[in-house]
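Shown below: input20.cif, with mmCIF, C-alpha atoms.
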```cif
data_query
loop_
_atom_site.group_PDB
_atom_site.id
_atom_site.type_symbol
_atom_site.label_atom_id
_atom_site.label_comp_id
_atom_site.auth_asym_id
_atom_site.auth_seq_id
_atom_site.Cartn_x
_atom_site.Cartn_y
_atom_site.Cartn_z
ATOM 1 C CA MET D 1 107.572 -7.359 -122.185
ATOM 2 C CA THR D 2 105.310 -9.278 -119.817
ATOM 3 C CA THR D 3 103.592 -10.907 -122.782
ATOM 4 C CA GLU D 4 106.941 -12.058 -124.161
ATOM 5 C CA LEU D 5 107.937 -13.598 -120.828
ATOM 6 C CA THR D 6 104.615 -15.367 -120.527
ATOM 7 C CA THR D 7 104.943 -16.730 -124.040
ATOM 8 C CA GLU D 8 108.481 -18.000 -123.354
ATOM 9 C CA ALA D 9 107.362 -19.629 -120.119
ATOM 10 C CA GLN D 10 104.459 -21.325 -121.851
ATOM 11 C CA THR D 11 106.624 -22.750 -124.615
ATOM 12 C CA ALA D 12 109.546 -23.750 -122.384
ATOM 13 C CA ALA D 13 107.808 -26.722 -120.771
ATOM 14 C CA PRO D 14 104.520 -28.547 -121.197
ATOM 15 C CA SER D 15 101.738 -27.574 -118.856
ATOM 16 C CA PRO D 16 100.701 -30.115 -116.206
ATOM 17 C CA ASP D 17 97.268 -29.939 -117.831
ATOM 18 C CA THR D 18 98.709 -31.343 -121.042
ATOM 19 C CA PRO D 19 97.387 -34.851 -121.666
ATOM 20 C CA ALA D 20 100.947 -35.923 -122.513
ATOM 21 C CA TRP D 21 101.589 -36.097 -118.761
ATOM 22 C CA ARG D 22 100.176 -39.270 -117.202
ATOM 23 C CA LEU D 23 100.571 -40.515 -113.639
ATOM 24 C CA TRP D 24 99.791 -43.904 -112.150
ATOM 25 C CA ILE D 25 99.938 -45.377 -108.679
ATOM 26 C CA LEU D 26 101.591 -48.807 -108.805
ATOM 27 C CA LEU D 27 99.938 -51.284 -106.477
ATOM 28 C CA VAL D 28 100.688 -54.782 -105.199
ATOM 29 C CA TRP D 29 98.715 -57.423 -103.339
ATOM 30 C CA HIS D 30 97.826 -56.528 -99.755
ATOM 31 C CA PRO D 31 97.546 -59.855 -97.874
ATOM 32 C CA ALA D 32 95.334 -58.510 -95.096
ATOM 33 C CA LEU D 33 92.811 -57.076 -97.568
ATOM 34 C CA GLY D 34 93.136 -59.712 -100.295
ATOM 35 C CA LEU D 35 93.342 -57.106 -103.054
ATOM 36 C CA PRO D 36 96.089 -55.349 -105.034
ATOM 37 C CA VAL D 37 95.727 -52.051 -103.151
ATOM 38 C CA ASP D 38 99.117 -51.619 -101.478
ATOM 39 C CA PRO D 39 100.881 -48.639 -103.146
ATOM 40 C CA VAL D 40 104.579 -49.166 -103.820
ATOM 41 C CA ALA D 41 105.389 -46.403 -106.327
ATOM 42 C CA VAL D 42 104.215 -43.551 -108.507
ATOM 43 C CA LEU D 43 104.949 -43.723 -112.235
ATOM 44 C CA ALA D 44 104.875 -40.520 -114.278
ATOM 45 C CA LEU D 45 105.287 -40.377 -118.050
ATOM 46 C CA ASP D 46 105.639 -37.427 -120.400
ATOM 47 C CA ASN D 47 104.695 -38.722 -123.828
ATOM 48 C CA SER D 48 105.415 -35.412 -125.545
ATOM 49 C CA ARG D 49 109.116 -36.325 -125.530
ATOM 50 C CA GLN D 50 110.795 -39.017 -127.590
ATOM 51 C CA PRO D 51 111.655 -41.257 -125.946
ATOM 52 C CA ALA D 52 109.024 -40.622 -123.297
ATOM 53 C CA GLU D 53 110.372 -39.118 -120.085
ATOM 54 C CA ARG D 54 109.778 -41.378 -117.100
ATOM 55 C CA VAL D 55 109.852 -40.598 -113.393
ATOM 56 C CA VAL D 56 109.384 -43.286 -110.739
ATOM 57 C CA ARG D 57 109.018 -42.429 -107.069
ATOM 58 C CA TRP D 58 109.181 -45.486 -104.810
ATOM 59 C CA VAL D 59 107.438 -45.663 -101.458
ATOM 60 C CA PRO D 60 110.212 -45.626 -98.833
ATOM 61 C CA LEU D 61 111.074 -48.881 -97.065
ATOM 62 C CA VAL D 62 109.207 -51.043 -99.583
ATOM 63 C CA TYR D 63 111.671 -53.386 -101.231
ATOM 64 C CA GLU D 64 110.696 -57.027 -101.824
ATOM 65 C CA THR D 65 107.024 -56.159 -102.047
ATOM 66 C CA ALA D 66 107.750 -53.873 -105.004
ATOM 67 C CA ASP D 67 109.978 -56.379 -106.863
ATOM 68 C CA PRO D 68 107.357 -57.228 -109.533
ATOM 69 C CA TRP D 69 107.140 -53.544 -110.447
ATOM 70 C CA ARG D 70 110.910 -53.095 -110.287
ATOM 71 C CA GLU D 71 111.231 -55.916 -112.847
ATOM 72 C CA ARG D 72 108.587 -54.378 -115.127
ATOM 73 C CA LEU D 73 110.268 -50.967 -114.937
ATOM 74 C CA SER D 74 113.808 -52.252 -115.511
ATOM 75 C CA GLY D 75 113.786 -50.998 -119.119
ATOM 76 C CA ALA D 76 112.206 -48.104 -120.964
ATOM 77 C CA THR D 77 108.501 -47.573 -120.352
ATOM 78 C CA THR D 78 106.043 -46.869 -123.158
ATOM 79 C CA ASN D 79 102.315 -46.260 -123.422
ATOM 80 C CA GLU D 80 102.006 -49.779 -124.809
ATOM 81 C CA ASP D 81 103.620 -51.164 -121.642
ATOM 82 C CA VAL D 82 101.132 -49.280 -119.490
ATOM 83 C CA LYS D 83 98.185 -50.489 -121.597
ATOM 84 C CA ARG D 84 99.415 -54.090 -121.265
ATOM 85 C CA TRP D 85 99.839 -53.714 -117.504
ATOM 86 C CA ILE D 86 96.309 -52.327 -117.196
ATOM 87 C CA GLN D 87 94.969 -55.388 -119.046
ATOM 88 C CA GLN D 88 96.978 -57.659 -116.719
ATOM 89 C CA SER D 89 95.792 -55.881 -113.567
ATOM 90 C CA ALA D 90 93.620 -58.725 -112.312
ATOM 91 C CA GLY D 91 96.471 -60.358 -110.369
ATOM 92 C CA ALA D 92 98.927 -59.354 -107.691
ATOM 93 C CA CYS D 93 100.007 -56.145 -109.456
ATOM 94 C CA SER D 94 97.737 -53.332 -110.484
ATOM 95 C CA LEU D 95 97.944 -49.672 -111.388
ATOM 96 C CA GLU D 96 95.509 -46.826 -111.026
ATOM 97 C CA PRO D 97 95.595 -43.466 -112.775
ATOM 98 C CA ALA D 98 96.409 -40.500 -110.562
ATOM 99 C CA ASP D 99 95.401 -36.895 -111.041
ATOM 100 C CA ILE D 100 98.037 -34.277 -111.708
ATOM 101 C CA SER D 101 97.984 -31.873 -108.780
ATOM 102 C CA GLU D 102 97.471 -28.199 -109.441
ATOM 103 C CA GLY D 103 100.722 -26.386 -109.002
ATOM 104 C CA ALA D 104 102.896 -29.219 -110.307
ATOM 105 C CA LEU D 105 105.937 -27.502 -111.778
ATOM 106 C CA ASP D 106 107.205 -30.412 -113.850
ATOM 107 C CA LEU D 107 106.801 -34.164 -114.203
ATOM 108 C CA THR D 108 109.057 -34.943 -111.243
ATOM 109 C CA HIS D 109 107.200 -32.511 -109.015
ATOM 110 C CA ALA D 110 103.869 -34.003 -110.110
ATOM 111 C CA ALA D 111 105.068 -37.499 -109.104
ATOM 112 C CA ASP D 112 106.399 -36.177 -105.792
ATOM 113 C CA LEU D 113 103.039 -34.572 -104.963
ATOM 114 C CA VAL D 114 101.190 -37.850 -105.568
ATOM 115 C CA LEU D 115 103.728 -39.760 -103.447
ATOM 116 C CA ASP D 116 103.366 -37.194 -100.649
ATOM 117 C CA GLU D 117 99.599 -37.728 -100.648
ATOM 118 C CA LEU D 118 100.042 -41.509 -100.533
ATOM 119 C CA LEU D 119 102.444 -41.243 -97.606
ATOM 120 C CA ALA D 120 100.252 -38.807 -95.693
ATOM 121 C CA GLU D 121 96.780 -40.238 -96.283
ATOM 122 C CA VAL D 122 96.543 -43.613 -98.023
ATOM 123 C CA ILE D 123 99.328 -45.730 -96.558
ATOM 124 C CA PRO D 124 98.589 -44.850 -92.902
ATOM 125 C CA ALA D 125 94.941 -45.865 -93.459
ATOM 126 C CA LEU D 126 95.847 -49.379 -94.650
ATOM 127 C CA PRO D 127 95.869 -52.220 -92.112
ATOM 128 C CA PRO D 128 99.190 -53.942 -91.380
ATOM 129 C CA ARG D 129 100.229 -56.267 -94.196
ATOM 130 C CA GLY D 130 100.106 -59.385 -92.034
ATOM 131 C CA ASP D 131 101.839 -62.627 -92.950
ATOM 132 C CA GLY D 132 100.005 -63.259 -96.191
#
```

What would the structure in this file look like if it were written as C-alpha cells?
Amino acid sequence: MTTELTTEAQTAAPSPDTPAWRLWILLVWHPALGLPVDPVAVLALDNSRQPAERVVRWVPLVYETADPWRERLSGATTNEDVKRWIQQSAGACSLEPADISEGALDLTHAADLVLDELLAEVIPALPPRGDG
C-alpha cells in the first residue's frame, strides 16, 4: 500500500527537480549602483503544461520601478519570451536564473521561497536607490 501511495504522489505533480520548472529573478536598473541588479519580481514557469503555467511574485511596494517587467508580463509567457529577454538583458532590465529550493511543494511555493530569500537577504543589502 505504501508503494501505491508513493507512486500516486510521484505522478500527481512534477517534482521540483524536474527541468520543466524554471525560476528567474527579474531585475531593473539600480541608479546608485549603475547596474540592473534591483530585484522586482520572481518569475516561475512550468513548461510541462500546455500552455505553460506561470507564477509571478512581485516584490512588495515596488510599483513604477517594475513597470517594464509588468508590460513584458502582460500576456502569456513562453520559453521564447524568456530567451529573448535574456538576449536583451544588457539594458535597464535583466533576469537571472534562480535555483529551486529543496522542499518546494509546487511552482507557487518555489517562487515564494525565492521571494522570501530576496526580501530577507538581497534587498536589505542593496544601497538606497537614490535619485537616479

If you apply the PyMOL selection byres ((chain D and resi 79-89) around 12) to this file, what residues do you get, as a PyMOL selection string?
chain D and resi 20-29+35-37+43-48+50-54+68-69+72-78+90-97

Matched chain/residue IDs from the PyMOL selection byres ((chain D and resi 110) around 12), as a PDB file with C-alpha atoms, keeping the file's coordinate frame:
```pdb
ATOM      1  CA  SER D  15     101.738 -27.574-118.856  1.00  0.00           C
ATOM      2  CA  PRO D  16     100.701 -30.115-116.206  1.00  0.00           C
ATOM      3  CA  ASP D  17      97.268 -29.939-117.831  1.00  0.00           C
ATOM      4  CA  TRP D  21     101.589 -36.097-118.761  1.00  0.00           C
ATOM      5  CA  ARG D  22     100.176 -39.270-117.202  1.00  0.00           C
ATOM      6  CA  LEU D  23     100.571 -40.515-113.639  1.00  0.00           C
ATOM      7  CA  TRP D  24      99.791 -43.904-112.150  1.00  0.00           C
ATOM      8  CA  VAL D  42     104.215 -43.551-108.507  1.00  0.00           C
ATOM      9  CA  LEU D  43     104.949 -43.723-112.235  1.00  0.00           C
ATOM     10  CA  ALA D  44     104.875 -40.520-114.278  1.00  0.00           C
ATOM     11  CA  LEU D  45     105.287 -40.377-118.050  1.00  0.00           C
ATOM     12  CA  ASP D  46     105.639 -37.427-120.400  1.00  0.00           C
ATOM     13  CA  ARG D  54     109.778 -41.378-117.100  1.00  0.00           C
ATOM     14  CA  VAL D  55     109.852 -40.598-113.393  1.00  0.00           C
ATOM     15  CA  VAL D  56     109.384 -43.286-110.739  1.00  0.00           C
ATOM     16  CA  ARG D  57     109.018 -42.429-107.069  1.00  0.00           C
ATOM     17  CA  ALA D  98      96.409 -40.500-110.562  1.00  0.00           C
ATOM     18  CA  ASP D  99      95.401 -36.895-111.041  1.00  0.00           C
ATOM     19  CA  ILE D 100      98.037 -34.277-111.708  1.00  0.00           C
ATOM     20  CA  SER D 101      97.984 -31.873-108.780  1.00  0.00           C
ATOM     21  CA  GLU D 102      97.471 -28.199-109.441  1.00  0.00           C
ATOM     22  CA  GLY D 103     100.722 -26.386-109.002  1.00  0.00           C
ATOM     23  CA  ALA D 104     102.896 -29.219-110.307  1.00  0.00           C
ATOM     24  CA  LEU D 105     105.937 -27.502-111.778  1.00  0.00           C
ATOM     25  CA  ASP D 106     107.205 -30.412-113.850  1.00  0.00           C
ATOM     26  CA  LEU D 107     106.801 -34.164-114.203  1.00  0.00           C
ATOM     27  CA  THR D 108     109.057 -34.943-111.243  1.00  0.00           C
ATOM     28  CA  HIS D 109     107.200 -32.511-109.015  1.00  0.00           C
ATOM     29  CA  ALA D 111     105.068 -37.499-109.104  1.00  0.00           C
ATOM     30  CA  ASP D 112     106.399 -36.177-105.792  1.00  0.00           C
ATOM     31  CA  LEU D 113     103.039 -34.572-104.963  1.00  0.00           C
ATOM     32  CA  VAL D 114     101.190 -37.850-105.568  1.00  0.00           C
ATOM     33  CA  LEU D 115     103.728 -39.760-103.447  1.00  0.00           C
ATOM     34  CA  ASP D 116     103.366 -37.194-100.649  1.00  0.00           C
ATOM     35  CA  GLU D 117      99.599 -37.728-100.648  1.00  0.00           C
TER      36      GLU D 117
END
```

Quick one, how far is CA of Ile123 in chain D from CA of His30 in chain D?
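Spanning CA of Ile123 in chain D to CA of His30 in chain D is a straight-line distance of 11.4 Å.
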
Minimum-distance residue to Pro60 in chain D, chosen among D:Val122, D:Gly130, D:Val40, D:Gly34 (using all atoms listed in the file)
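Looking at the shortest contact to Pro60 in chain D, the residue is D:Val40.
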
Once you add 8 Å to each side, what are the centre and edge lengths of the axis-aligned box holding all listed atoms of range 107-111 of chain D? One decimal in Å, as lines of an AutoDock Vina configuration file, if you can.
```
center_x = 106.5
center_y = -35.0
center_z = -111.6
size_x = 21.2
size_y = 21.0
size_z = 21.2
```

Nearest candidate to Leu119 in chain D (options D:Arg49, D:Leu61, D:Ala32, D:Asp67; using only C-alpha atoms)
D:Leu61

Just to confirm, what's the straight-line distance from CA of Arg70 in chain D to CA of Pro127 in chain D in Å (one decimal)?
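Separation between CA of Arg70 in chain D and CA of Pro127 in chain D: 23.6 Å.
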
CA of Ala66 in chain D and CA of Ala125 in chain D, how far apart in Å?
19.0 Å

From the options D:Pro31, D:Asp38, D:Trp58, D:Glu64, which residue's atoms come nearest to Pro124 in chain D, counting all atoms listed in the file?
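Using all atoms listed in the file, Pro124 in chain D sits closest to D:Asp38.
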